[in-house]
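Student: For reference, the structure I am asking about is given below.
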Amino acid sequence: MSATTATTQAKSDTKKSDTNSSNILNTDHAFWQVIRTVPDFPKAGIDFYDITPLLRSHINEVIDAMLAALPDGLMDEVDCLGAVEARGFVFASLIAGRLGKGMILLRKPGKLPPPVANKAYALEYGKDTLEMQNNLPPERVLLVDDILATGGTLTTAYELCESASHTVVGALVLLDLVDLHGEFPVPVYTVLKA
């Protein structure tokens, strides 16, 4: 199945299963009935959106909704998915398998064989570092992660990919916490916004 056929089918399936498809990108979406909000985690003052219940019982619907969030034809322009550790691996691998695309892994330090490029960044509750192999041929990449919060992780993933001569065409996330980040250097496609 081509990438266009798969995304078109996902859009069709999502509209059929969602009685009000105009609500795909807001807090009225049915996924919010499954997502848990955990207050004061991982530290006081932060509300953590636990998406793991979606992974247990709604994974096909989540992947359909993520594909439906993409503009028609975009995946035909994408060579591979940039999978951001750790839950980005789950979504990217399922999408890659469905569409027949490859993946580039963006991991925490020490998990990839050399040579690697790395970049430190700030999180909403601390600091971290991402690494990626930097000896890969240049490709057109769609970054995939679970949640866009402050933007530190995705911005770092974008910068690492670009520094390794990849072209990042966009980012796909399940949940965008729009008030926590500024503009992103490429389009962000999302299923849920909060």
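Numbering starts fresh at 1 for the residues of each chain in the structure tokens, the chains themselves are lettered A, B, ... in the order given, and ligands are numbered from 1 as they appear.
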Can you pull out the residues contacting Leu143 in chain A? Cut-off 7 Å, using only C-alpha atoms, and skip same-chain residues under 3 positions away; I want them as a JSON list (two decimals) with N, CA and C atoms, in the first residue's frame.
Tutor:
```json
[["chain", "number", "residue", "atom", "x", "y", "z"],
["A", 81, "LEU", "N", 11.22, 8.06, 9.00],
["A", 81, "LEU", "CA", 10.69, 8.72, 10.20],
["A", 81, "LEU", "C", 11.82, 8.87, 11.21],
["A", 82, "GLY", "N", 11.88, 10.03, 11.84],
["A", 82, "GLY", "CA", 12.83, 10.27, 12.92],
["A", 82, "GLY", "C", 12.14, 9.95, 14.23],
["A", 83, "ALA", "N", 12.45, 8.80, 14.80],
["A", 83, "ALA", "CA", 11.78, 8.31, 16.01],
["A", 83, "ALA", "C", 12.49, 8.84, 17.24],
["A", 170, "GLY", "N", 8.75, 18.03, 8.76],
["A", 170, "GLY", "CA", 7.70, 18.29, 9.74],
["A", 170, "GLY", "C", 7.87, 17.41, 10.95],
["A", 171, "ALA", "N", 6.94, 17.57, 11.89],
["A", 171, "ALA", "CA", 6.92, 16.75, 13.10],
["A", 171, "ALA", "C", 5.49, 16.28, 13.32],
["A", 172, "LEU", "N", 5.34, 15.04, 13.73],
["A", 172, "LEU", "CA", 4.03, 14.44, 14.00],
["A", 172, "LEU", "C", 4.01, 14.02, 15.46]]
```
Student: Extract, using only C-alpha atoms, all DNA, RNA and protein residues at most 12 Å from Leu154 in chain A, discarding same-chain residues fewer than 6 positions from it, and format them as a ChimeraX atom specification.
Tutor: /A:82-85,88,106-107,119-123,129-130,142-148,160-161,168,170-173,176,181-188
Student: Out of range 39-165 of chain A, which residues get alpha helix (DSSP H) from DSSP, as a PyMOL selection string?
Tutor: chain A and resi 52-57+59-68+74-77+87-99+152-163
Student: Could the residues in this selection be saved with N, CA and C atoms as a tab-separated table (two decimals), in the first residue's frame?
Tutor:
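Contents of selection_18.tsv, as written:
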```tsv
chain	number	residue	atom	x	y	z
A	52	THR	N	-0.39	6.01	28.15
A	52	THR	CA	-0.22	4.56	28.07
A	52	THR	C	-1.53	3.79	27.99
A	53	PRO	N	-2.65	4.26	28.56
A	53	PRO	CA	-3.90	3.52	28.33
A	53	PRO	C	-4.30	3.47	26.85
A	54	LEU	N	-3.94	4.49	26.07
A	54	LEU	CA	-4.21	4.45	24.63
A	54	LEU	C	-3.39	3.35	23.96
A	55	LEU	N	-2.16	3.15	24.44
A	55	LEU	CA	-1.31	2.12	23.86
A	55	LEU	C	-1.83	0.73	24.16
A	56	ARG	N	-2.49	0.57	25.31
A	56	ARG	CA	-3.02	-0.73	25.70
A	56	ARG	C	-4.23	-1.14	24.88
A	57	SER	N	-5.12	-0.20	24.59
A	57	SER	CA	-6.40	-0.63	24.03
A	57	SER	C	-6.87	0.13	22.80
A	59	ILE	N	-4.46	1.37	20.11
A	59	ILE	CA	-3.29	1.71	19.31
A	59	ILE	C	-3.61	1.87	17.83
A	60	ASN	N	-4.45	1.02	17.27
A	60	ASN	CA	-4.78	1.17	15.85
A	60	ASN	C	-5.51	2.48	15.58
A	61	GLU	N	-6.41	2.85	16.48
A	61	GLU	CA	-7.13	4.13	16.32
A	61	GLU	C	-6.16	5.31	16.44
A	62	VAL	N	-5.18	5.19	17.34
A	62	VAL	CA	-4.19	6.26	17.50
A	62	VAL	C	-3.38	6.42	16.22
A	63	ILE	N	-2.89	5.31	15.66
A	63	ILE	CA	-2.09	5.39	14.43
A	63	ILE	C	-2.94	5.92	13.29
A	64	ASP	N	-4.19	5.47	13.18
A	64	ASP	CA	-5.09	6.02	12.16
A	64	ASP	C	-5.24	7.53	12.31
A	65	ALA	N	-5.43	7.99	13.54
A	65	ALA	CA	-5.62	9.42	13.78
A	65	ALA	C	-4.35	10.21	13.48
A	66	MET	N	-3.19	9.64	13.82
A	66	MET	CA	-1.94	10.33	13.52
A	66	MET	C	-1.73	10.45	12.01
A	67	LEU	N	-2.00	9.39	11.28
A	67	LEU	CA	-1.88	9.46	9.83
A	67	LEU	C	-2.88	10.44	9.24
A	68	ALA	N	-4.08	10.46	9.80
A	68	ALA	CA	-5.11	11.38	9.31
A	68	ALA	C	-4.76	12.83	9.56
A	74	LEU	N	2.00	14.14	1.89
A	74	LEU	CA	3.24	14.41	2.62
A	74	LEU	C	4.11	13.17	2.75
A	75	MET	N	3.51	12.03	3.06
A	75	MET	CA	4.31	10.83	3.28
A	75	MET	C	4.97	10.33	2.00
A	76	ASP	N	4.47	10.75	0.84
A	76	ASP	CA	5.14	10.40	-0.40
A	76	ASP	C	6.46	11.15	-0.54
A	77	GLU	N	6.60	12.27	0.18
A	77	GLU	CA	7.82	13.08	0.15
A	77	GLU	C	8.81	12.67	1.25
A	87	ARG	N	8.75	7.07	23.64
A	87	ARG	CA	7.45	6.71	23.07
A	87	ARG	C	7.34	7.07	21.61
A	88	GLY	N	8.17	7.96	21.13
A	88	GLY	CA	8.22	8.22	19.70
A	88	GLY	C	8.60	6.98	18.91
A	89	PHE	N	9.38	6.06	19.55
A	89	PHE	CA	9.73	4.80	18.90
A	89	PHE	C	8.48	3.98	18.61
A	90	VAL	N	7.56	3.95	19.57
A	90	VAL	CA	6.34	3.15	19.42
A	90	VAL	C	5.55	3.64	18.22
A	91	PHE	N	5.26	4.94	18.21
A	91	PHE	CA	4.44	5.50	17.13
A	91	PHE	C	5.15	5.43	15.78
A	92	ALA	N	6.43	5.80	15.75
A	92	ALA	CA	7.17	5.79	14.49
A	92	ALA	C	7.29	4.39	13.92
A	93	SER	N	7.53	3.39	14.77
A	93	SER	CA	7.68	2.03	14.25
A	93	SER	C	6.36	1.50	13.68
A	94	LEU	N	5.26	1.80	14.34
A	94	LEU	CA	3.97	1.35	13.82
A	94	LEU	C	3.62	2.05	12.51
A	95	ILE	N	3.89	3.35	12.43
A	95	ILE	CA	3.63	4.09	11.19
A	95	ILE	C	4.57	3.61	10.09
A	96	ALA	N	5.86	3.45	10.41
A	96	ALA	CA	6.83	2.97	9.42
A	96	ALA	C	6.44	1.61	8.87
A	97	GLY	N	6.01	0.71	9.76
A	97	GLY	CA	5.59	-0.61	9.32
A	97	GLY	C	4.37	-0.56	8.42
A	98	ARG	N	3.43	0.30	8.75
A	98	ARG	CA	2.22	0.41	7.95
A	98	ARG	C	2.52	1.00	6.58
A	99	LEU	N	3.46	1.96	6.52
A	99	LEU	CA	3.72	2.67	5.27
A	99	LEU	C	4.94	2.17	4.50
A	152	GLY	N	11.70	21.39	23.64
A	152	GLY	CA	13.13	21.13	23.74
A	152	GLY	C	13.57	19.86	23.05
A	153	THR	N	12.85	18.78	23.26
A	153	THR	CA	13.22	17.49	22.67
A	153	THR	C	13.08	17.53	21.15
A	154	LEU	N	11.94	18.00	20.66
A	154	LEU	CA	11.73	18.02	19.21
A	154	LEU	C	12.66	19.01	18.52
A	155	THR	N	12.91	20.15	19.15
A	155	THR	CA	13.84	21.11	18.56
A	155	THR	C	15.23	20.51	18.47
A	156	THR	N	15.65	19.80	19.50
A	156	THR	CA	16.95	19.13	19.49
A	156	THR	C	16.98	18.06	18.41
A	157	ALA	N	15.92	17.28	18.29
A	157	ALA	CA	15.84	16.26	17.24
A	157	ALA	C	15.94	16.91	15.86
A	158	TYR	N	15.23	18.01	15.67
A	158	TYR	CA	15.29	18.76	14.41
A	158	TYR	C	16.72	19.22	14.13
A	159	GLU	N	17.36	19.84	15.12
A	159	GLU	CA	18.71	20.36	14.94
A	159	GLU	C	19.73	19.25	14.67
A	160	LEU	N	19.59	18.12	15.35
A	160	LEU	CA	20.48	16.99	15.09
A	160	LEU	C	20.32	16.46	13.66
A	161	CYS	N	19.08	16.29	13.24
A	161	CYS	CA	18.83	15.81	11.87
A	161	CYS	C	19.40	16.77	10.84
A	162	GLU	N	19.14	18.05	11.01
A	162	GLU	CA	19.63	19.05	10.07
A	162	GLU	C	21.15	19.09	10.06
A	163	SER	N	21.79	18.97	11.23
A	163	SER	CA	23.26	19.00	11.29
A	163	SER	C	23.87	17.77	10.62
```
Student: Write out as a ChimeraX atom specification all residues of range 104-171 of chain A that backbone DSSP assigns to strand (DSSP E).
Tutor: /A:104-106,116-123,126-133,140-148,167-171
Student: When distances are computed from only C-alpha atoms, which of A:Val141, A:Ala117, A:His29, A:Leu70 shows the smallest separation from Lys101 in chain A?
Tutor: A:Val141
Student: Have a look at CA of Thr150 in chain A and CA of Val178 in chain A and let me know their distance in Å, one decimal.
Tutor: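 Distance between the two atoms: 8.6 Å.
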Student: Give the answer as one residue: which of A:Ser165, A:Ala149, A:Pro71, A:Lys111 has the shortest atom-to-atom distance to Asn134 in chain A, using only C-alpha atoms?
Tutor: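 The closest residue to Asn134 in chain A is A:Ser165.
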Student: With only C-alpha atoms as the atoms that count, which of A:Asp128, A:Asp72, A:Glu139, A:Asp47 lies nearest to Met103 in chain A?
Tutor: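 Closest to Met103 in chain A of all the choices is A:Glu139.
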Student: What is the distance between CA of Pro109 in chain A and CA of Gly126 in chain A, in Å to one decimal?
Tutor: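 Atom-to-atom, CA of Pro109 in chain A and CA of Gly126 in chain A are spaced 15.6 Å apart.
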Student: Could you check which of A:Leu180, A:Val169, A:Ile51, A:Met132 is closest to Val38 in chain A, using only C-alpha atoms?
Tutor: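 Looking at the shortest contact to Val38 in chain A, the residue is A:Ile51.
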Student: Using only C-alpha atoms, which of A:Val78, A:Ala69, A:Pro137, A:Arg36 sits nearest Thr190 in chain A?
Tutor: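 Nearest candidate to Thr190 in chain A out of A:Val78, A:Ala69, A:Pro137, A:Arg36: A:Ala69.
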Student: Mind giving me the straight-line distance from CA of Leu136 in chain A to CA of Leu175 in chain A in Å, one decimal?
Tutor: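 Between these atoms lies a distance of 29.1 Å.
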Student: So, counting only C-alpha atoms, which residue among A:Asp28, A:Asp79, A:Asp40, A:Asp50 is closest to Thr167 in chain A?
Tutor: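 The shortest atom-to-atom distance to Thr167 in chain A comes from A:Asp79.
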